[in-house]
>>> print(open('entry_3.cif').read())   # mmCIF, C-alpha atoms and all ligand atoms
data_start
loop_
_atom_site.group_PDB
_atom_site.id
_atom_site.type_symbol
_atom_site.label_atom_id
_atom_site.label_comp_id
_atom_site.auth_asym_id
_atom_site.auth_seq_id
_atom_site.Cartn_x
_atom_site.Cartn_y
_atom_site.Cartn_z
ATOM 1 C CA MET A 208 -28.264 21.177 -12.284
ATOM 2 C CA ILE A 209 -25.561 21.443 -14.867
ATOM 3 C CA SER A 210 -26.415 23.812 -17.730
ATOM 4 C CA THR A 211 -26.522 22.568 -21.312
ATOM 5 C CA ARG A 212 -23.674 24.863 -22.203
ATOM 6 C CA ARG A 213 -21.455 23.586 -19.418
ATOM 7 C CA PHE A 214 -22.401 20.053 -20.380
ATOM 8 C CA LEU A 215 -21.405 20.598 -23.983
ATOM 9 C CA GLN A 216 -18.167 22.195 -22.898
ATOM 10 C CA PHE A 217 -17.437 19.261 -20.679
ATOM 11 C CA ALA A 218 -18.414 16.682 -23.309
ATOM 12 C CA GLY A 219 -16.256 18.432 -25.876
ATOM 13 C CA LEU A 220 -13.300 18.388 -23.536
ATOM 14 C CA ALA A 221 -13.836 14.709 -22.781
ATOM 15 C CA ALA A 222 -14.072 13.845 -26.460
ATOM 16 C CA ALA A 223 -10.899 15.765 -27.171
ATOM 17 C CA THR A 224 -9.139 13.927 -24.364
ATOM 18 C CA VAL A 225 -10.240 10.558 -25.711
ATOM 19 C CA MET A 226 -9.098 11.506 -29.204
ATOM 20 C CA LEU A 227 -5.767 12.688 -27.892
ATOM 21 C CA ALA A 228 -5.278 9.511 -25.919
ATOM 22 C CA ALA A 229 -6.184 7.353 -28.911
ATOM 23 C CA CYS A 230 -3.928 9.383 -31.128
ATOM 24 C CA GLY A 231 -1.090 9.060 -28.633
ATOM 25 C CA LYS A 232 -1.416 5.318 -28.692
ATOM 26 C CA LYS A 233 -1.515 4.830 -32.416
ATOM 27 C CA GLU A 234 0.957 7.205 -33.894
ATOM 28 C CA PRO A 235 4.146 8.726 -32.669
ATOM 29 C CA ALA A 236 4.164 12.511 -32.566
ATOM 30 C CA PRO A 237 5.103 13.995 -35.925
ATOM 31 C CA ALA A 238 8.778 14.784 -36.275
ATOM 32 C CA PRO A 239 9.502 18.358 -35.275
ATOM 33 C CA ALA A 240 9.902 20.791 -38.166
ATOM 34 C CA ALA A 241 13.414 20.913 -39.496
ATOM 35 C CA THR A 242 13.828 24.474 -38.308
ATOM 36 C CA ALA A 243 13.035 23.780 -34.660
ATOM 37 C CA PRO A 244 16.118 22.388 -32.910
ATOM 38 C CA ALA A 245 15.224 18.992 -31.485
ATOM 39 C CA PRO A 246 15.651 18.921 -27.699
ATOM 40 C CA ALA A 247 18.763 16.934 -26.804
ATOM 41 C CA PRO A 248 17.705 13.540 -25.440
ATOM 42 C CA ALA A 249 18.306 13.436 -21.675
ATOM 43 C CA LYS A 250 21.640 11.811 -20.941
ATOM 44 C CA VAL A 251 21.434 8.440 -19.295
ATOM 45 C CA TYR A 252 24.424 7.896 -17.043
ATOM 46 C CA VAL A 253 25.789 4.385 -17.251
ATOM 47 C CA VAL A 254 26.595 2.920 -13.844
ATOM 48 C CA GLY A 255 28.964 -0.043 -13.609
ATOM 49 C CA THR A 256 28.532 -2.478 -10.747
ATOM 50 C CA ASP A 257 29.832 -5.958 -9.965
ATOM 51 C CA ALA A 258 26.463 -7.429 -9.070
ATOM 52 C CA ALA A 259 27.743 -10.357 -7.020
ATOM 53 C CA TYR A 260 28.030 -8.519 -3.762
ATOM 54 C CA ALA A 261 24.786 -8.788 -1.828
ATOM 55 C CA PRO A 262 23.333 -6.904 -0.098
ATOM 56 C CA PHE A 263 25.025 -4.006 -1.915
ATOM 57 C CA GLU A 264 24.530 -5.223 -5.473
ATOM 58 C CA SER A 265 23.252 -8.513 -6.806
ATOM 59 C CA GLN A 266 20.927 -9.923 -9.432
ATOM 60 C CA ASN A 267 17.454 -11.109 -8.482
ATOM 61 C CA GLU A 268 15.619 -14.065 -10.068
ATOM 62 C CA LYS A 269 14.553 -11.829 -12.925
ATOM 63 C CA GLY A 270 18.114 -10.823 -13.612
ATOM 64 C CA GLU A 271 17.530 -7.281 -12.385
ATOM 65 C CA ILE A 272 20.333 -5.570 -10.536
ATOM 66 C CA VAL A 273 19.186 -4.761 -7.006
ATOM 67 C CA GLY A 274 20.651 -3.786 -3.658
ATOM 68 C CA PHE A 275 21.566 -1.054 -1.235
ATOM 69 C CA ASP A 276 23.969 0.666 -3.645
ATOM 70 C CA ILE A 277 21.372 0.575 -6.400
ATOM 71 C CA ASP A 278 18.692 2.155 -4.215
ATOM 72 C CA VAL A 279 21.129 4.807 -3.007
ATOM 73 C CA VAL A 280 22.199 5.778 -6.511
ATOM 74 C CA GLN A 281 18.622 5.772 -7.769
ATOM 75 C CA ALA A 282 17.579 8.054 -4.921
ATOM 76 C CA ILE A 283 20.562 10.327 -5.559
ATOM 77 C CA ALA A 284 19.712 10.443 -9.256
ATOM 78 C CA ALA A 285 16.121 11.400 -8.505
ATOM 79 C CA LYS A 286 17.306 14.315 -6.345
ATOM 80 C CA ALA A 287 19.956 15.369 -8.842
ATOM 81 C CA GLY A 288 17.521 15.162 -11.760
ATOM 82 C CA ILE A 289 19.618 12.714 -13.744
ATOM 83 C CA GLN A 290 18.869 9.344 -15.315
ATOM 84 C CA VAL A 291 20.906 6.257 -14.582
ATOM 85 C CA LYS A 292 21.183 2.765 -15.995
ATOM 86 C CA PHE A 293 23.002 -0.069 -14.204
ATOM 87 C CA VAL A 294 25.268 -2.441 -16.105
ATOM 88 C CA ASN A 295 26.714 -5.564 -14.524
ATOM 89 C CA THR A 296 30.481 -5.235 -14.829
ATOM 90 C CA PRO A 297 33.163 -7.660 -13.634
ATOM 91 C CA TRP A 298 35.174 -6.281 -10.712
ATOM 92 C CA GLU A 299 38.462 -6.936 -12.473
ATOM 93 C CA GLY A 300 38.967 -4.008 -14.789
ATOM 94 C CA ILE A 301 35.878 -2.202 -13.486
ATOM 95 C CA PHE A 302 37.793 1.042 -12.980
ATOM 96 C CA ASN A 303 39.220 0.969 -16.519
ATOM 97 C CA THR A 304 35.686 1.321 -17.836
ATOM 98 C CA LEU A 305 35.673 4.877 -16.435
ATOM 99 C CA GLN A 306 38.832 5.735 -18.361
ATOM 100 C CA GLN A 307 37.441 4.199 -21.533
ATOM 101 C CA GLY A 308 34.180 6.075 -21.161
ATOM 102 C CA ASP A 309 32.105 2.874 -21.136
ATOM 103 C CA ARG A 310 30.786 3.740 -17.674
ATOM 104 C CA ASP A 311 30.106 7.160 -16.196
ATOM 105 C CA MET A 312 30.291 5.969 -12.629
ATOM 106 C CA ILE A 313 31.017 2.890 -10.568
ATOM 107 C CA VAL A 314 28.884 1.986 -7.585
ATOM 108 C CA SER A 315 30.132 -1.316 -6.294
ATOM 109 C CA ALA A 316 30.809 -1.011 -2.581
ATOM 110 C CA VAL A 317 34.026 0.662 -3.679
ATOM 111 C CA THR A 318 36.287 1.666 -0.809
ATOM 112 C CA ILE A 319 37.772 5.132 -1.143
ATOM 113 C CA THR A 320 41.552 4.643 -0.969
ATOM 114 C CA ASP A 321 44.449 7.048 -1.526
ATOM 115 C CA GLU A 322 45.773 4.814 -4.257
ATOM 116 C CA ARG A 323 42.481 4.770 -6.160
ATOM 117 C CA LYS A 324 42.124 8.522 -5.703
ATOM 118 C CA GLN A 325 45.136 8.991 -7.979
ATOM 119 C CA THR A 326 43.275 7.573 -10.957
ATOM 120 C CA MET A 327 39.622 8.393 -10.262
ATOM 121 C CA ASP A 328 37.473 10.784 -8.262
ATOM 122 C CA PHE A 329 35.102 9.786 -5.492
ATOM 123 C CA SER A 330 31.833 11.164 -4.209
ATOM 124 C CA ASP A 331 31.486 11.928 -0.542
ATOM 125 C CA PRO A 332 31.415 8.694 1.475
ATOM 126 C CA TYR A 333 28.039 6.963 1.699
ATOM 127 C CA PHE A 334 28.788 3.890 3.820
ATOM 128 C CA ASP A 335 31.154 2.786 6.592
ATOM 129 C CA ALA A 336 32.722 -0.647 6.325
ATOM 130 C CA ALA A 337 35.598 -2.801 7.503
ATOM 131 C CA GLN A 338 37.069 -6.154 6.620
ATOM 132 C CA LEU A 339 35.664 -9.228 8.319
ATOM 133 C CA ILE A 340 36.906 -12.825 8.393
ATOM 134 C CA ALA A 341 34.694 -15.807 7.564
ATOM 135 C CA VAL A 342 35.781 -19.254 8.769
ATOM 136 C CA LYS A 343 34.109 -22.596 9.412
ATOM 137 C CA ASP A 344 32.395 -22.662 12.797
ATOM 138 C CA THR A 345 34.912 -25.255 13.998
ATOM 139 C CA SER A 346 37.895 -23.013 13.178
ATOM 140 C CA LYS A 347 40.349 -21.932 15.892
ATOM 141 C CA VAL A 348 40.914 -18.552 14.280
ATOM 142 C CA THR A 349 40.267 -15.725 16.741
ATOM 143 C CA LYS A 350 42.210 -12.874 15.113
ATOM 144 C CA PHE A 351 43.535 -11.716 11.749
ATOM 145 C CA ALA A 352 47.146 -12.725 12.512
ATOM 146 C CA ASP A 353 45.958 -16.329 12.924
ATOM 147 C CA LEU A 354 45.446 -16.472 9.171
ATOM 148 C CA LYS A 355 49.208 -16.251 8.533
ATOM 149 C CA LYS A 356 49.695 -19.985 8.267
ATOM 150 C CA LEU A 357 46.393 -20.735 6.582
ATOM 151 C CA LYS A 358 44.956 -20.663 3.070
ATOM 152 C CA VAL A 359 42.970 -17.483 2.631
ATOM 153 C CA GLY A 360 40.478 -16.614 -0.090
ATOM 154 C CA VAL A 361 39.907 -13.050 -1.302
ATOM 155 C CA GLN A 362 38.350 -11.304 -4.278
ATOM 156 C CA THR A 363 41.160 -10.123 -6.551
ATOM 157 C CA GLY A 364 42.048 -6.471 -6.238
ATOM 158 C CA THR A 365 39.755 -5.681 -3.313
ATOM 159 C CA THR A 366 40.735 -4.080 -0.038
ATOM 160 C CA GLY A 367 40.413 -7.587 1.438
ATOM 161 C CA ASP A 368 43.091 -8.719 -1.018
ATOM 162 C CA GLU A 369 45.244 -5.761 0.067
ATOM 163 C CA ALA A 370 44.896 -6.537 3.767
ATOM 164 C CA VAL A 371 45.719 -10.210 3.303
ATOM 165 C CA SER A 372 48.599 -9.388 0.943
ATOM 166 C CA LYS A 373 50.054 -7.151 3.619
ATOM 167 C CA LEU A 374 49.753 -9.856 6.263
ATOM 168 C CA MET A 375 51.068 -12.766 4.219
ATOM 169 C CA GLY A 376 53.137 -11.145 1.469
ATOM 170 C CA LYS A 377 51.667 -10.284 -1.899
ATOM 171 C CA THR A 378 53.200 -13.300 -3.638
ATOM 172 C CA SER A 379 52.285 -15.815 -0.940
ATOM 173 C CA THR A 380 50.930 -18.980 -2.502
ATOM 174 C CA SER A 381 48.562 -19.314 0.452
ATOM 175 C CA ILE A 382 46.472 -16.448 -0.871
ATOM 176 C CA LYS A 383 43.785 -17.743 -3.205
ATOM 177 C CA ARG A 384 42.339 -14.991 -5.369
ATOM 178 C CA PHE A 385 38.846 -15.274 -6.859
ATOM 179 C CA GLU A 386 37.002 -13.173 -9.382
ATOM 180 C CA SER A 387 34.058 -12.768 -7.031
ATOM 181 C CA THR A 388 33.535 -12.898 -3.287
ATOM 182 C CA PRO A 389 30.775 -15.566 -3.476
ATOM 183 C CA LEU A 390 33.238 -17.842 -5.300
ATOM 184 C CA ALA A 391 35.746 -17.391 -2.480
ATOM 185 C CA LEU A 392 33.041 -18.221 0.065
ATOM 186 C CA LYS A 393 32.001 -21.356 -1.872
ATOM 187 C CA GLU A 394 35.624 -22.448 -1.700
ATOM 188 C CA LEU A 395 35.538 -21.940 2.057
ATOM 189 C CA GLU A 396 32.469 -24.136 2.238
ATOM 190 C CA SER A 397 34.122 -26.910 0.251
ATOM 191 C CA GLY A 398 37.321 -26.681 2.296
ATOM 192 C CA GLY A 399 39.608 -25.310 -0.445
ATOM 193 C CA VAL A 400 40.489 -22.338 1.739
ATOM 194 C CA ASP A 401 40.497 -21.933 5.520
ATOM 195 C CA ALA A 402 39.230 -18.371 5.657
ATOM 196 C CA VAL A 403 37.842 -15.564 3.504
ATOM 197 C CA VAL A 404 38.465 -11.872 4.105
ATOM 198 C CA ALA A 405 35.989 -9.415 2.599
ATOM 199 C CA ASP A 406 33.760 -6.466 3.497
ATOM 200 C CA ASN A 407 31.819 -6.985 6.733
ATOM 201 C CA GLY A 408 28.370 -6.349 5.233
ATOM 202 C CA VAL A 409 28.862 -8.967 2.546
ATOM 203 C CA ILE A 410 30.386 -11.607 4.814
ATOM 204 C CA ALA A 411 27.660 -11.111 7.425
ATOM 205 C CA HIS A 412 24.933 -11.321 4.780
ATOM 206 C CA TYR A 413 26.385 -14.479 3.250
ATOM 207 C CA VAL A 414 26.875 -16.241 6.573
ATOM 208 C CA ALA A 415 23.335 -15.370 7.662
ATOM 209 C CA ASN A 416 21.867 -16.638 4.389
ATOM 210 C CA ASN A 417 23.892 -19.851 4.136
ATOM 211 C CA PRO A 418 23.357 -21.619 7.459
ATOM 212 C CA GLY A 419 24.229 -24.894 5.733
ATOM 213 C CA GLY A 420 27.763 -23.609 5.216
ATOM 214 C CA LYS A 421 28.387 -23.665 8.965
ATOM 215 C CA PHE A 422 30.411 -20.478 8.984
ATOM 216 C CA LYS A 423 31.245 -18.000 11.690
ATOM 217 C CA THR A 424 32.751 -14.557 11.499
ATOM 218 C CA VAL A 425 35.788 -13.113 13.248
ATOM 219 C CA SER A 426 36.391 -9.377 13.494
ATOM 220 C CA ASP A 427 39.685 -7.696 14.325
ATOM 221 C CA LYS A 428 40.515 -4.091 15.202
ATOM 222 C CA GLU A 429 43.604 -4.446 12.998
ATOM 223 C CA PHE A 430 41.355 -3.825 10.017
ATOM 224 C CA VAL A 431 41.309 -0.130 9.193
ATOM 225 C CA PRO A 432 37.960 1.655 8.835
ATOM 226 C CA GLU A 433 36.812 1.928 5.213
ATOM 227 C CA GLN A 434 34.254 4.120 3.484
ATOM 228 C CA TYR A 435 32.437 3.510 0.240
ATOM 229 C CA GLY A 436 32.175 6.179 -2.418
ATOM 230 C CA ILE A 437 30.840 6.422 -5.958
ATOM 231 C CA ALA A 438 33.733 6.589 -8.419
ATOM 232 C CA VAL A 439 33.745 8.798 -11.515
ATOM 233 C CA LYS A 440 36.345 9.520 -14.149
ATOM 234 C CA LYS A 441 39.083 11.767 -12.815
ATOM 235 C CA GLY A 442 38.121 15.362 -13.464
ATOM 236 C CA ASN A 443 34.387 14.775 -14.005
ATOM 237 C CA ALA A 444 33.508 17.555 -11.579
ATOM 238 C CA GLU A 445 30.096 18.128 -13.129
ATOM 239 C CA LEU A 446 28.807 14.646 -12.387
ATOM 240 C CA LEU A 447 30.561 14.559 -9.022
ATOM 241 C CA GLY A 448 28.820 17.769 -8.021
ATOM 242 C CA LYS A 449 25.425 16.308 -8.906
ATOM 243 C CA LEU A 450 26.124 13.105 -6.982
ATOM 244 C CA ASN A 451 27.281 14.943 -3.871
ATOM 245 C CA GLN A 452 24.310 17.264 -3.995
ATOM 246 C CA GLY A 453 21.933 14.313 -4.364
ATOM 247 C CA LEU A 454 23.663 12.385 -1.591
ATOM 248 C CA ALA A 455 23.417 15.347 0.785
ATOM 249 C CA ALA A 456 19.723 15.682 -0.086
ATOM 250 C CA ILE A 457 18.871 12.031 0.622
ATOM 251 C CA LYS A 458 20.779 12.158 3.897
ATOM 252 C CA ALA A 459 18.975 15.343 4.890
ATOM 253 C CA ASP A 460 15.423 14.195 4.148
ATOM 254 C CA GLY A 461 15.578 10.705 5.630
ATOM 255 C CA THR A 462 15.621 8.801 2.324
ATOM 256 C CA TYR A 463 19.077 7.466 3.054
ATOM 257 C CA ASN A 464 18.006 6.198 6.471
ATOM 258 C CA GLN A 465 14.992 4.488 4.937
ATOM 259 C CA ILE A 466 17.162 2.659 2.426
ATOM 260 C CA TYR A 467 19.626 1.774 5.155
ATOM 261 C CA ALA A 468 16.887 0.339 7.351
ATOM 262 C CA LYS A 469 15.506 -1.664 4.411
ATOM 263 C CA TYR A 470 18.788 -3.527 4.040
ATOM 264 C CA PHE A 471 20.331 -3.461 7.489
ATOM 265 C CA GLY A 472 17.286 -3.398 9.725
ATOM 266 C CA ALA A 473 18.258 -0.411 11.836
ATOM 267 C CA PRO A 474 19.150 3.183 11.171
ATOM 268 C CA PRO A 475 22.852 3.824 10.689
ATOM 269 C CA ALA A 476 24.946 4.778 13.681
ATOM 270 C CA ALA A 477 28.124 5.938 12.024
ATOM 271 C CA ALA A 478 29.412 9.222 10.662
ATOM 272 C CA ALA A 479 29.411 8.458 6.950
ATOM 273 C CA SER A 480 25.818 7.427 6.953
ATOM 274 C CA ALA A 481 23.720 10.309 8.162
ATOM 275 C CA PRO A 482 23.670 13.556 10.041
ATOM 276 C CA ALA A 483 23.158 13.027 13.773
ATOM 277 C CA PRO A 484 19.524 13.385 14.855
ATOM 278 C CA ALA A 485 19.062 16.933 16.081
ATOM 279 C CA ALA A 486 17.511 16.098 19.447
ATOM 280 C CA SER A 487 19.951 13.436 20.627
ATOM 281 C CA LYS A 488 22.817 13.784 23.137
HETATM 282 N N1 LIG B 1 35.110 -2.564 -0.695
HETATM 283 C C1 LIG B 1 36.036 -3.447 -1.321
HETATM 284 C C2 LIG B 1 36.935 -2.688 -2.252
HETATM 285 O O1 LIG B 1 36.658 -1.616 -2.611
HETATM 286 C C3 LIG B 1 35.368 -4.563 -2.107
HETATM 287 C C4 LIG B 1 34.379 -4.116 -3.116
HETATM 288 C C5 LIG B 1 33.952 -5.238 -4.035
HETATM 289 N N2 LIG B 1 32.732 -4.909 -4.687
HETATM 290 C C6 LIG B 1 32.051 -5.720 -5.473
HETATM 291 N N3 LIG B 1 30.887 -5.354 -5.931
HETATM 292 N N4 LIG B 1 32.554 -6.870 -5.796
HETATM 293 O O2 LIG B 1 37.944 -3.177 -2.664
#
>>> encode(input="entry_3.cif", output="structure tokens", more="lines below")
Ligand code: ARG
Amino acid sequence: MISTRRFLQFAGLAAATVMLAACGKKEPAPAPAATAPAPAPAKVYVVGTDAAYAPFESQNEKGEIVGFDIDVVQAIAAKAGIQVKFVNTPWEGIFNTLQQGDRDMIVSAVTITDERKQTMDFSDPYFDAAQLIAVKDTSKVTKFADLKKLKVGVQTGTTGDEAVSKLMGKTSTSIKRFESTPLALKELESGGVDAVVADNGVIAHYVANNPGGKFKTVSDKEFVPEQYGIAVKKGNAELLGKLNQGLAAIKADGTYNQIYAKYFGAPPAAAASAPAPAASK
């Protein structure tokens, strides 16, 4: 049996809890006394992403930004103890937003390239990629060089644009540049271009989800291996350190593999994705 004293203690505690809860609902906490320095509000890092690049970043029916990159950065942020907020940002000019201070980082399936490294810093790589060609399933294209005499769609300023520019000449009028990769793929569907070159994950996802488009994909070893990184303003070593620490932590504890499996169905095989399982080989 519970003693009267214990009961009263308990009841008092319960009443206090109820009062506290009620109080918390009705009124905001009183402003701290002028003498006590107010704690600095936790910084929310603004993350720019071109959310038209499923499965890496896209908008769902509710307009929320979702995808592999989003989950990865959220998991990194949780490990690093930082807060992040994603802002849809057009690909063209996306890197300028770092310079201007409008965005603290860019996660947008961004390939780490030597050229980009001159004007921004990158986290350790978090994903392996390569270019892939999409054509109509009736197309005779079997390799990248076959695109030379065709009309090719790319997203402006991407590594796909670079590869095609190298093949056909930067000023070739047969290169059709689009502000997003889905727009290029729609043009392929309607026959405005003969092929689209873009990141393999995005092409594969689009082809699989648009059976009506009657596409097929063509890979070519000519395409150099690419790796995605999170871009920050050049010199932002503090944030970069946090991101790399968080990335290492999610790779080490299996979180990365879980996210990978959620989007790609199987655990990653390649070097940039995860440490090799200890027992294998
Ligand atoms: N990986 C390619 C690049 O860095 C394409 C990235 C495009 N990303 C996007 N969200 N649109 O150039």
>>> axis_aligned_box(input="entry_3.cif", around="ligand LIG 1 (chain B)", padding_each_side="5 Å", output="AutoDock Vina command-line options")
--center_x 34.4 --center_y -4.2 --center_z -3.3 --size_x 17.1 --size_y 15.3 --size_z 15.2
>>> residues_near_ligand(input="entry_3.cif", ligand="ligand LIG 1 (chain B)", cutoff="8 Å", atoms="only C-alpha atoms and all ligand atoms", output="PyMOL selection string")
chain A and resi 256-260+263-264+297-298+314-319+336+362+364-368+387-388+405-406+433-435
>>> atom_distance(input="entry_3.cif", atom1="atom CA of A:Thr320", atom2="atom CA of A:Tyr333")
14.0 Å
>>> closest_residue(input="entry_3.cif", among="A:Asp401, A:Asp328, A:Glu386, A:Glu369", to="A:Lys347", atoms="only C-alpha atoms")
A:Asp401
>>> atom_distance(input="entry_3.cif", atom1="atom CA of A:Lys358", atom2="atom CA of A:Pro418")
22.1 Å
>>> resolve_selection(input="entry_3.cif", expression="the PyMOL selection byres (((chain A and resi 251) around 6) and not hetatm)", output="list in words")
Lys250, Tyr252, Gln290 and Val291 of chain A
>>> closest_residue(input="entry_3.cif", among="A:Ser372, A:Thr345, A:Ser265, A:Gln307", to="A:Val359", atoms="all atoms listed in the file")
A:Ser372
>>> atom_distance(input="entry_3.cif", atom1="atom CA of A:Gly448", atom2="atom CA of A:Gln325")
18.5 Å
>>> residues_around(input="entry_3.cif", residues="A:Ile340", least_positions_apart="4", cutoff="6 Å", atoms="only C-alpha atoms", output="list of chain:residue names")
A:Val403, A:Val404, A:Thr424, A:Val425
>>> resolve_selection(input="entry_3.cif", expression="the PyMOL selection byres (((chain A and resi 438) around 6) and not hetatm)", output="number ranges by chain")
A: 312-313, 328-329, 437, 439
>>> closest_residue(input="entry_3.cif", among="A:Asp309, A:Asp276, A:Asp331, A:Asp321", to="A:Leu447", atoms="all atoms listed in the file")
A:Asp331
>>> residues_around(input="entry_3.cif", residues="A:Pro432", least_positions_apart="3", cutoff="9 Å", atoms="only C-alpha atoms", output="list in words")
Asp335, Ala336, Ala337, Gln338 and Lys428 of chain A
>>> resolve_selection(input="entry_3.cif", expression="the PyMOL selection byres (((chain A and resi 462-477) around 12) and not hetatm)", output="ChimeraX atom specification")
/A:261-264,273-283,285-286,332-336,408-409,411-412,432-434,453-461,478-484
>>> residues_around(input="entry_3.cif", residues="A:Leu354", least_positions_apart="6", cutoff="9 Å", atoms="only C-alpha atoms", output="VMD selection string")
chain A and resid 348 371 374 to 375 401 to 402
>>> closest_residue(input="entry_3.cif", among="A:Leu392, A:Ile301, A:Val400, A:Ala247", to="A:Leu357", atoms="only C-alpha atoms")
A:Val400
>>> residues_around(input="entry_3.cif", residues="A:Ser397", least_positions_apart="6", cutoff="12 Å", atoms="only C-alpha atoms", output="compact mmCIF listing (two decimals) with C-alpha atoms, in the frame of the given file")
# COMPACT_ATOMS: atom_id res chain seq x y z
CA VAL A 342 35.78 -19.25 8.77
CA LYS A 343 34.11 -22.60 9.41
CA LEU A 390 33.24 -17.84 -5.30
CA ALA A 391 35.75 -17.39 -2.48
CA GLY A 419 24.23 -24.89 5.73
CA GLY A 420 27.76 -23.61 5.22
CA LYS A 421 28.39 -23.66 8.96
CA PHE A 422 30.41 -20.48 8.98
>>> closest_residue(input="entry_3.cif", among="A:Asn451, A:Thr326, A:Leu305, A:Ile272", to="A:Lys292", atoms="only C-alpha atoms")
A:Ile272
>>> build_atoms(input="entry_3.cif", residues="stretch 314-320 of chain A", atoms="all heavy atoms", output="compact mmCIF listing (two decimals), in the coordinates of the input")
# COMPACT_ATOMS: atom_id res chain seq x y z
N VAL A 314 29.36 2.17 -8.95
CA VAL A 314 28.88 1.99 -7.58
C VAL A 314 28.97 0.49 -7.33
O VAL A 314 28.32 -0.31 -7.98
CB VAL A 314 27.46 2.55 -7.34
CG1 VAL A 314 26.40 1.77 -8.09
CG2 VAL A 314 27.16 2.58 -5.86
N SER A 315 29.86 0.11 -6.44
CA SER A 315 30.13 -1.32 -6.29
C SER A 315 30.76 -1.58 -4.93
O SER A 315 31.70 -2.35 -4.82
CB SER A 315 31.06 -1.76 -7.44
OG SER A 315 30.93 -3.15 -7.67
N ALA A 316 30.22 -0.91 -3.92
CA ALA A 316 30.81 -1.01 -2.58
C ALA A 316 32.30 -0.68 -2.65
O ALA A 316 33.13 -1.32 -2.01
CB ALA A 316 30.57 -2.41 -1.98
N VAL A 317 32.62 0.32 -3.44
CA VAL A 317 34.03 0.66 -3.68
C VAL A 317 34.58 1.47 -2.50
O VAL A 317 34.06 2.55 -2.18
CB VAL A 317 34.21 1.49 -4.97
CG1 VAL A 317 35.68 1.83 -5.16
CG2 VAL A 317 33.65 0.75 -6.17
N THR A 318 35.61 0.95 -1.90
CA THR A 318 36.29 1.67 -0.81
C THR A 318 37.11 2.81 -1.38
O THR A 318 37.84 2.64 -2.37
CB THR A 318 37.20 0.69 -0.04
OG1 THR A 318 36.40 -0.36 0.49
CG2 THR A 318 37.93 1.41 1.09
N ILE A 319 36.97 3.97 -0.76
CA ILE A 319 37.77 5.13 -1.14
C ILE A 319 39.17 4.91 -0.58
O ILE A 319 39.34 4.79 0.63
CB ILE A 319 37.17 6.43 -0.56
CG1 ILE A 319 35.71 6.58 -1.01
CG2 ILE A 319 38.01 7.64 -0.94
CD1 ILE A 319 34.94 7.68 -0.27
N THR A 320 40.17 4.80 -1.45
CA THR A 320 41.55 4.64 -0.97
C THR A 320 42.42 5.71 -1.62
O THR A 320 42.09 6.21 -2.71
CB THR A 320 42.14 3.26 -1.32
OG1 THR A 320 42.33 3.17 -2.75
CG2 THR A 320 41.24 2.12 -0.87
